[in-house]
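**Q** Structure file entry-v5.txt, compact mmCIF, N, CA and C atoms, is pasted below:
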```txt
# COMPACT_ATOMS: atom_id res chain seq x y z
N MET A 18 7.78 24.24 18.98
CA MET A 18 8.01 22.89 19.43
C MET A 18 7.28 21.90 18.52
N LEU A 19 6.11 22.29 18.04
CA LEU A 19 5.34 21.41 17.17
C LEU A 19 6.05 21.21 15.83
N TYR A 20 6.66 22.28 15.31
CA TYR A 20 7.39 22.17 14.04
C TYR A 20 8.60 21.24 14.19
N LEU A 21 9.26 21.31 15.34
CA LEU A 21 10.42 20.46 15.58
C LEU A 21 10.00 18.99 15.63
N LYS A 22 8.90 18.71 16.33
CA LYS A 22 8.41 17.32 16.38
C LYS A 22 8.03 16.83 14.98
N THR A 23 7.37 17.68 14.22
CA THR A 23 6.98 17.29 12.86
C THR A 23 8.20 17.01 12.00
N LEU A 24 9.21 17.85 12.10
CA LEU A 24 10.44 17.65 11.33
C LEU A 24 11.13 16.35 11.73
N ILE A 25 11.19 16.07 13.02
CA ILE A 25 11.84 14.84 13.48
C ILE A 25 11.05 13.62 13.02
N ILE A 26 9.73 13.70 13.04
CA ILE A 26 8.91 12.57 12.58
C ILE A 26 9.12 12.32 11.09
N VAL A 27 9.23 13.40 10.30
CA VAL A 27 9.47 13.23 8.87
C VAL A 27 10.84 12.60 8.62
N VAL A 28 11.86 13.04 9.34
CA VAL A 28 13.20 12.47 9.19
C VAL A 28 13.19 11.00 9.61
N GLN A 29 12.47 10.69 10.68
CA GLN A 29 12.40 9.30 11.14
C GLN A 29 11.69 8.42 10.12
N LEU A 30 10.62 8.93 9.55
CA LEU A 30 9.88 8.15 8.55
C LEU A 30 10.73 7.90 7.31
N LEU A 31 11.43 8.94 6.84
CA LEU A 31 12.29 8.76 5.66
C LEU A 31 13.45 7.80 5.93
N SER A 32 14.03 7.89 7.13
CA SER A 32 15.12 6.97 7.45
C SER A 32 14.61 5.54 7.59
N ALA A 33 13.42 5.36 8.12
CA ALA A 33 12.85 4.00 8.23
C ALA A 33 12.60 3.41 6.85
N LEU A 34 12.03 4.22 5.96
CA LEU A 34 11.79 3.74 4.60
C LEU A 34 13.11 3.46 3.88
N GLY A 35 14.13 4.28 4.13
CA GLY A 35 15.44 4.05 3.52
C GLY A 35 16.08 2.77 4.02
N VAL A 36 15.97 2.50 5.32
CA VAL A 36 16.52 1.26 5.87
C VAL A 36 15.80 0.06 5.26
N ILE A 37 14.49 0.14 5.15
CA ILE A 37 13.73 -0.97 4.57
C ILE A 37 14.16 -1.22 3.12
N GLY A 38 14.26 -0.14 2.36
CA GLY A 38 14.66 -0.28 0.95
C GLY A 38 16.07 -0.82 0.79
N LEU A 39 17.00 -0.32 1.61
CA LEU A 39 18.39 -0.78 1.49
C LEU A 39 18.56 -2.22 1.95
N VAL A 40 17.81 -2.64 2.94
CA VAL A 40 17.90 -4.03 3.37
C VAL A 40 17.37 -4.95 2.28
N LEU A 41 16.31 -4.51 1.61
CA LEU A 41 15.76 -5.33 0.53
C LEU A 41 16.68 -5.37 -0.69
N LEU A 42 17.49 -4.34 -0.90
CA LEU A 42 18.41 -4.32 -2.03
C LEU A 42 19.64 -5.19 -1.81
N GLN A 43 20.00 -5.42 -0.57
CA GLN A 43 21.22 -6.16 -0.29
C GLN A 43 21.04 -7.63 -0.61
N HIS A 44 22.15 -8.23 -1.00
CA HIS A 44 22.15 -9.65 -1.31
C HIS A 44 22.40 -10.44 -0.04
N GLY A 45 21.95 -11.67 -0.05
CA GLY A 45 22.21 -12.56 1.07
C GLY A 45 23.64 -13.03 1.07
N LYS A 46 23.99 -13.82 2.06
CA LYS A 46 25.36 -14.34 2.16
C LYS A 46 25.68 -15.31 1.02
N GLY A 47 24.70 -15.98 0.48
CA GLY A 47 24.94 -16.93 -0.60
C GLY A 47 25.21 -16.26 -1.93
N ALA A 48 24.84 -15.00 -2.07
CA ALA A 48 25.04 -14.30 -3.33
C ALA A 48 26.50 -13.89 -3.53
N ASP A 49 27.28 -13.86 -2.46
CA ASP A 49 28.69 -13.48 -2.58
C ASP A 49 29.49 -14.52 -3.36
N MET A 50 29.11 -15.76 -3.29
CA MET A 50 29.82 -16.81 -4.00
C MET A 50 29.66 -16.64 -5.51
N GLY A 51 28.47 -16.25 -5.94
CA GLY A 51 28.26 -16.03 -7.37
C GLY A 51 29.01 -14.82 -7.87
N ALA A 52 29.14 -13.80 -7.03
CA ALA A 52 29.87 -12.60 -7.42
C ALA A 52 31.37 -12.88 -7.50
N ALA A 53 31.84 -13.83 -6.73
CA ALA A 53 33.26 -14.15 -6.74
C ALA A 53 33.68 -14.80 -8.05
N PHE A 54 32.78 -15.50 -8.71
CA PHE A 54 33.09 -16.16 -9.97
C PHE A 54 32.71 -15.32 -11.18
N GLY A 55 32.45 -14.04 -10.96
CA GLY A 55 32.22 -13.14 -12.08
C GLY A 55 30.83 -13.22 -12.66
N SER A 56 29.83 -13.11 -11.84
CA SER A 56 28.46 -13.19 -12.35
C SER A 56 27.95 -11.83 -12.81
N GLY A 57 28.84 -10.94 -13.20
CA GLY A 57 28.42 -9.65 -13.74
C GLY A 57 28.51 -8.52 -12.74
N ALA A 58 28.79 -8.81 -11.49
CA ALA A 58 28.85 -7.76 -10.48
C ALA A 58 30.14 -6.95 -10.58
N SER A 59 31.19 -7.54 -11.18
CA SER A 59 32.46 -6.83 -11.24
C SER A 59 32.40 -5.65 -12.20
N GLY A 60 31.49 -5.67 -13.14
CA GLY A 60 31.38 -4.57 -14.08
C GLY A 60 30.41 -3.50 -13.64
N SER A 61 29.91 -3.60 -12.43
CA SER A 61 28.93 -2.62 -11.96
C SER A 61 29.63 -1.34 -11.51
N LEU A 62 28.88 -0.41 -11.04
CA LEU A 62 29.39 0.90 -10.65
C LEU A 62 30.37 0.82 -9.48
N PHE A 63 30.10 -0.04 -8.50
CA PHE A 63 30.92 -0.10 -7.30
C PHE A 63 31.96 -1.21 -7.32
N GLY A 64 31.95 -2.06 -8.33
CA GLY A 64 32.87 -3.18 -8.38
C GLY A 64 32.24 -4.42 -7.75
N ALA A 65 33.05 -5.46 -7.57
CA ALA A 65 32.53 -6.73 -7.07
C ALA A 65 32.08 -6.63 -5.62
N THR A 66 32.86 -5.98 -4.77
CA THR A 66 32.49 -5.88 -3.35
C THR A 66 32.12 -4.47 -2.94
N GLY A 67 32.25 -3.52 -3.83
CA GLY A 67 31.97 -2.13 -3.48
C GLY A 67 30.52 -1.86 -3.17
N SER A 68 29.61 -2.53 -3.89
CA SER A 68 28.19 -2.28 -3.64
C SER A 68 27.77 -2.81 -2.28
N ALA A 69 28.35 -3.92 -1.86
CA ALA A 69 28.00 -4.47 -0.55
C ALA A 69 28.46 -3.53 0.56
N ASN A 70 29.66 -2.99 0.42
CA ASN A 70 30.16 -2.06 1.43
C ASN A 70 29.34 -0.78 1.45
N PHE A 71 29.02 -0.26 0.27
CA PHE A 71 28.24 0.97 0.20
C PHE A 71 26.85 0.78 0.79
N LEU A 72 26.18 -0.32 0.44
CA LEU A 72 24.83 -0.55 0.95
C LEU A 72 24.83 -0.80 2.45
N SER A 73 25.81 -1.53 2.94
CA SER A 73 25.84 -1.82 4.37
C SER A 73 26.18 -0.57 5.18
N ARG A 74 27.08 0.25 4.67
CA ARG A 74 27.41 1.50 5.38
C ARG A 74 26.25 2.48 5.36
N THR A 75 25.58 2.59 4.23
CA THR A 75 24.43 3.49 4.14
C THR A 75 23.30 3.00 5.05
N THR A 76 23.11 1.69 5.11
CA THR A 76 22.10 1.13 6.01
C THR A 76 22.45 1.43 7.46
N ALA A 77 23.71 1.32 7.82
CA ALA A 77 24.14 1.61 9.18
C ALA A 77 23.93 3.09 9.53
N VAL A 78 24.21 3.97 8.59
CA VAL A 78 24.01 5.40 8.83
C VAL A 78 22.52 5.71 9.00
N LEU A 79 21.69 5.16 8.14
CA LEU A 79 20.26 5.40 8.25
C LEU A 79 19.68 4.79 9.53
N ALA A 80 20.20 3.64 9.94
CA ALA A 80 19.75 3.04 11.20
C ALA A 80 20.14 3.92 12.38
N ALA A 81 21.33 4.52 12.33
CA ALA A 81 21.75 5.44 13.40
C ALA A 81 20.87 6.68 13.42
N VAL A 82 20.52 7.21 12.25
CA VAL A 82 19.63 8.38 12.19
C VAL A 82 18.26 8.02 12.76
N PHE A 83 17.76 6.83 12.43
CA PHE A 83 16.48 6.37 12.97
C PHE A 83 16.54 6.25 14.48
N PHE A 84 17.62 5.72 15.00
CA PHE A 84 17.79 5.56 16.45
C PHE A 84 17.84 6.92 17.14
N ILE A 85 18.57 7.86 16.58
CA ILE A 85 18.69 9.20 17.18
C ILE A 85 17.35 9.92 17.16
N THR A 86 16.62 9.83 16.05
CA THR A 86 15.32 10.49 15.99
C THR A 86 14.32 9.85 16.95
N THR A 87 14.42 8.55 17.16
CA THR A 87 13.54 7.89 18.12
C THR A 87 13.83 8.39 19.53
N LEU A 88 15.10 8.52 19.88
CA LEU A 88 15.45 9.06 21.19
C LEU A 88 15.00 10.51 21.34
N ALA A 89 15.13 11.29 20.28
CA ALA A 89 14.71 12.70 20.34
C ALA A 89 13.19 12.81 20.52
N LEU A 90 12.44 11.97 19.83
CA LEU A 90 10.99 12.00 19.99
C LEU A 90 10.58 11.54 21.38
N THR A 91 11.30 10.59 21.94
CA THR A 91 11.01 10.16 23.30
C THR A 91 11.28 11.28 24.29
N TYR A 92 12.38 11.99 24.10
CA TYR A 92 12.72 13.10 24.99
C TYR A 92 11.69 14.22 24.87
N LEU A 93 11.30 14.55 23.65
CA LEU A 93 10.32 15.63 23.47
C LEU A 93 8.93 15.23 23.96
N GLY A 94 8.61 13.95 23.88
CA GLY A 94 7.32 13.50 24.36
C GLY A 94 7.23 13.50 25.88
N ALA A 95 8.35 13.31 26.56
CA ALA A 95 8.37 13.28 28.02
C ALA A 95 8.59 14.68 28.60
N TYR A 96 8.86 15.65 27.77
CA TYR A 96 9.13 17.01 28.25
C TYR A 96 7.83 17.70 28.63
N HIS A 97 7.78 18.23 29.84
CA HIS A 97 6.63 19.00 30.31
C HIS A 97 7.12 20.39 30.69
N ALA A 98 6.51 21.39 30.10
CA ALA A 98 6.92 22.77 30.37
C ALA A 98 6.56 23.16 31.79
N LYS A 99 7.46 23.81 32.47
CA LYS A 99 7.20 24.27 33.83
C LYS A 99 6.42 25.58 33.74
N PRO A 100 5.56 25.85 34.72
CA PRO A 100 4.82 27.11 34.68
C PRO A 100 5.78 28.29 34.81
N SER A 101 5.53 29.28 34.01
CA SER A 101 6.42 30.44 34.02
C SER A 101 6.12 31.32 35.23
N ALA A 102 7.13 32.06 35.64
CA ALA A 102 6.98 32.96 36.77
C ALA A 102 6.20 34.20 36.35
N GLY A 103 5.44 34.72 37.25
CA GLY A 103 4.66 35.93 36.98
C GLY A 103 5.54 37.16 37.04
N VAL A 104 4.93 38.32 37.09
CA VAL A 104 5.66 39.58 37.11
C VAL A 104 6.48 39.71 38.39
N LEU A 105 5.95 39.23 39.50
CA LEU A 105 6.64 39.35 40.78
C LEU A 105 7.60 38.20 41.05
N GLY A 106 7.67 37.25 40.14
CA GLY A 106 8.60 36.16 40.31
C GLY A 106 7.99 34.92 40.93
N ALA A 107 6.74 34.98 41.35
CA ALA A 107 6.08 33.81 41.94
C ALA A 107 5.44 33.00 40.81
N ALA A 108 5.42 31.71 40.97
CA ALA A 108 4.82 30.85 39.96
C ALA A 108 3.32 31.06 39.92
N VAL A 109 2.77 31.13 38.74
CA VAL A 109 1.34 31.34 38.56
C VAL A 109 0.65 29.99 38.72
N THR A 110 -0.34 29.93 39.59
CA THR A 110 -1.08 28.69 39.80
C THR A 110 -2.54 28.91 39.43
N ALA A 111 -3.22 27.83 39.17
CA ALA A 111 -4.64 27.91 38.84
C ALA A 111 -5.43 28.22 40.10
N PRO A 112 -6.53 28.96 39.98
CA PRO A 112 -7.33 29.28 41.17
C PRO A 112 -7.95 28.01 41.74
N VAL A 113 -7.98 27.95 43.07
CA VAL A 113 -8.52 26.80 43.77
C VAL A 113 -10.00 27.04 44.02
N ALA A 114 -10.83 26.03 43.78
CA ALA A 114 -12.27 26.16 44.03
C ALA A 114 -12.51 26.25 45.53
N PRO A 115 -13.45 27.11 45.95
CA PRO A 115 -13.72 27.24 47.39
C PRO A 115 -14.27 25.93 47.94
N ALA A 116 -14.03 25.72 49.22
CA ALA A 116 -14.44 24.46 49.86
C ALA A 116 -15.95 24.35 49.93
N GLY A 117 -16.66 25.47 49.99
CA GLY A 117 -18.12 25.44 50.08
C GLY A 117 -18.79 25.04 48.78
N ALA A 118 -18.05 25.05 47.65
CA ALA A 118 -18.66 24.72 46.36
C ALA A 118 -18.97 23.24 46.25
N SER A 119 -18.19 22.40 46.89
CA SER A 119 -18.45 20.97 46.79
C SER A 119 -19.35 20.47 47.91
N ALA A 120 -19.60 21.29 48.93
CA ALA A 120 -20.43 20.86 50.06
C ALA A 120 -21.89 20.62 49.68
N PRO A 121 -22.55 21.44 48.84
CA PRO A 121 -23.94 21.14 48.51
C PRO A 121 -24.11 19.81 47.81
N ALA A 122 -23.15 19.40 47.00
CA ALA A 122 -23.25 18.11 46.33
C ALA A 122 -23.18 16.98 47.35
N ALA A 123 -22.36 17.16 48.39
CA ALA A 123 -22.23 16.12 49.41
C ALA A 123 -23.48 16.07 50.29
N VAL A 124 -24.12 17.22 50.51
CA VAL A 124 -25.31 17.25 51.35
C VAL A 124 -26.50 16.65 50.62
N SER A 125 -26.57 16.86 49.30
CA SER A 125 -27.73 16.39 48.56
C SER A 125 -27.75 14.87 48.43
N ALA A 126 -26.61 14.21 48.43
CA ALA A 126 -26.58 12.75 48.30
C ALA A 126 -27.17 12.04 49.51
N PRO A 127 -26.82 12.42 50.77
CA PRO A 127 -27.46 11.75 51.90
C PRO A 127 -28.94 12.10 52.01
N ALA A 128 -29.32 13.29 51.57
CA ALA A 128 -30.73 13.67 51.65
C ALA A 128 -31.57 12.78 50.75
N GLN A 129 -31.03 12.41 49.61
CA GLN A 129 -31.76 11.52 48.71
C GLN A 129 -31.83 10.11 49.29
N ALA A 130 -30.79 9.68 49.98
CA ALA A 130 -30.79 8.35 50.56
C ALA A 130 -31.79 8.25 51.71
N ALA A 131 -32.03 9.36 52.45
CA ALA A 131 -32.93 9.34 53.58
C ALA A 131 -34.39 9.49 53.15
N ALA A 132 -34.64 9.86 51.90
CA ALA A 132 -36.01 10.03 51.43
C ALA A 132 -36.72 8.69 51.40
N PRO A 133 -38.02 8.65 51.71
CA PRO A 133 -38.74 7.38 51.70
C PRO A 133 -38.87 6.86 50.27
N ALA A 134 -38.86 5.56 50.15
CA ALA A 134 -38.97 4.93 48.85
C ALA A 134 -40.37 5.06 48.32
N SER A 135 -40.51 5.08 47.00
CA SER A 135 -41.83 5.19 46.40
C SER A 135 -42.58 3.87 46.57
N PRO A 136 -43.91 3.90 46.56
CA PRO A 136 -44.66 2.67 46.77
C PRO A 136 -44.41 1.63 45.68
N ALA A 137 -44.04 2.03 44.48
CA ALA A 137 -43.82 1.07 43.40
C ALA A 137 -42.54 0.26 43.64
N SER A 138 -41.56 0.82 44.38
CA SER A 138 -40.31 0.11 44.58
C SER A 138 -40.32 -0.77 45.82
N VAL A 139 -41.35 -0.62 46.71
CA VAL A 139 -41.43 -1.42 47.92
C VAL A 139 -42.13 -2.73 47.58
N PRO A 140 -41.55 -3.88 47.92
CA PRO A 140 -42.22 -5.14 47.60
C PRO A 140 -43.47 -5.32 48.48
N ALA A 141 -44.45 -5.86 47.86
CA ALA A 141 -45.72 -6.09 48.59
C ALA A 141 -45.55 -7.29 49.52
N THR A 142 -46.10 -7.17 50.73
CA THR A 142 -45.95 -8.25 51.70
C THR A 142 -47.10 -9.25 51.61
N GLY A 143 -48.24 -8.84 51.08
CA GLY A 143 -49.38 -9.73 51.08
C GLY A 143 -49.53 -10.51 49.78
N VAL A 144 -48.56 -10.49 48.89
CA VAL A 144 -48.67 -11.18 47.62
C VAL A 144 -48.19 -12.62 47.80
N PRO A 145 -49.00 -13.62 47.41
CA PRO A 145 -48.54 -15.01 47.56
C PRO A 145 -47.44 -15.33 46.54
N LYS A 146 -46.60 -16.23 46.93
CA LYS A 146 -45.47 -16.60 46.08
C LYS A 146 -45.74 -17.84 45.31
```
Output the file's structure in the form of structure tokens.

**A**
Amino acid sequence: MLYLKTLIIVVQLLSALGVIGLVLLQHGKGADMGAAFGSGASGSLFGATGSANFLSRTTAVLAAVFFITTLALTYLGAYHAKPSAGVLGAAVTAPVAPAGASAPAAVSAPAQAAAPASPASVPATGVPK
């Protein structure tokens, strides 16, 4: 289970970095006007509008991968393994502490409260103010 979480975290990190990089590579809406008048984009690998479509589609795919990995990590983080059944089929539970183990602690607290206070903690009555 730990290897699966680690793998999902690595995929999520790479997709997040890919989305960041692809968003930074994309041109704004104002850059399309310059490409329409032949500012050198038509001679590129994807053509005048091909790079915009490729970058936007790749960004959408990486965003979907990021979303899916986030949901998977949330599911795995909320997953709690149920206790397995023992040999006889009954669920194995932790041993319960006996009731008498906590009783001495409860008895010792009132005994300390009933003890007389030390002379240093009692205020003197004959001291002038």

**Q** Go ahead and compute the interatomic distance for atom CA of Lys22 of chain A and atom CA of Ser73 of chain A, in Å to one decimal.

**A**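 For atom CA of Lys22 of chain A relative to atom CA of Ser73 of chain A, the distance reads 28.5 Å.
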
**Q** Take every atom of segment 79-85 of chain A listed in the file, pad by 8 Å on each side, and give me the axis-aligned box centre and edge lengths in Å, one decimal, as lines of an AutoDock Vina configuration file.

**A**
```
center_x = 19.1
center_y = 6.5
center_z = 12.7
size_x = 21.3
size_y = 22.9
size_z = 25.0
```

**Q** Ranking A:Gly38, A:Gly45, A:Pro100, A:Gly106 by minimum distance to Thr76 of chain A and counting only C-alpha atoms, which one comes first?

**A**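 Ranking A:Gly38, A:Gly45, A:Pro100, A:Gly106 by distance to Thr76 of chain A, first place goes to A:Gly38.
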
**Q** Set the distance at 7 Å and use all atoms listed in the file: which residues neighbour segment 28-34 of chain A once local chain neighbours fewer than 6 positions away are removed? I'd like the list as a list in words.

**A**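 Near segment 28-34 of chain A, the qualifying residues are Leu79, Ala80, Val82, Phe83, Thr86 and Thr87 of chain A.
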
**Q** Can you work out the spacing between atom C of Val78 of chain A and atom CA of Val36 of chain A in Å, to one decimal?

**A**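 About the pair atom C of Val78 of chain A and atom CA of Val36 of chain A: they are 8.1 Å apart.
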
**Q** Rank A:Thr75, A:Lys99, A:Phe84, A:Thr142 by their smallest atom-to-atom distance to Gly35 of chain A, using only N, CA and C atoms, and report the top residue only.

**A**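 Smallest distance to Gly35 of chain A is found for A:Thr75.
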
**Q** Atom CA of Ile25 of chain A and atom CA of Leu88 of chain A, how far apart in Å?

**A**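 We find that atom CA of Leu88 of chain A and atom CA of Ile25 of chain A lie 10.3 Å from each other.
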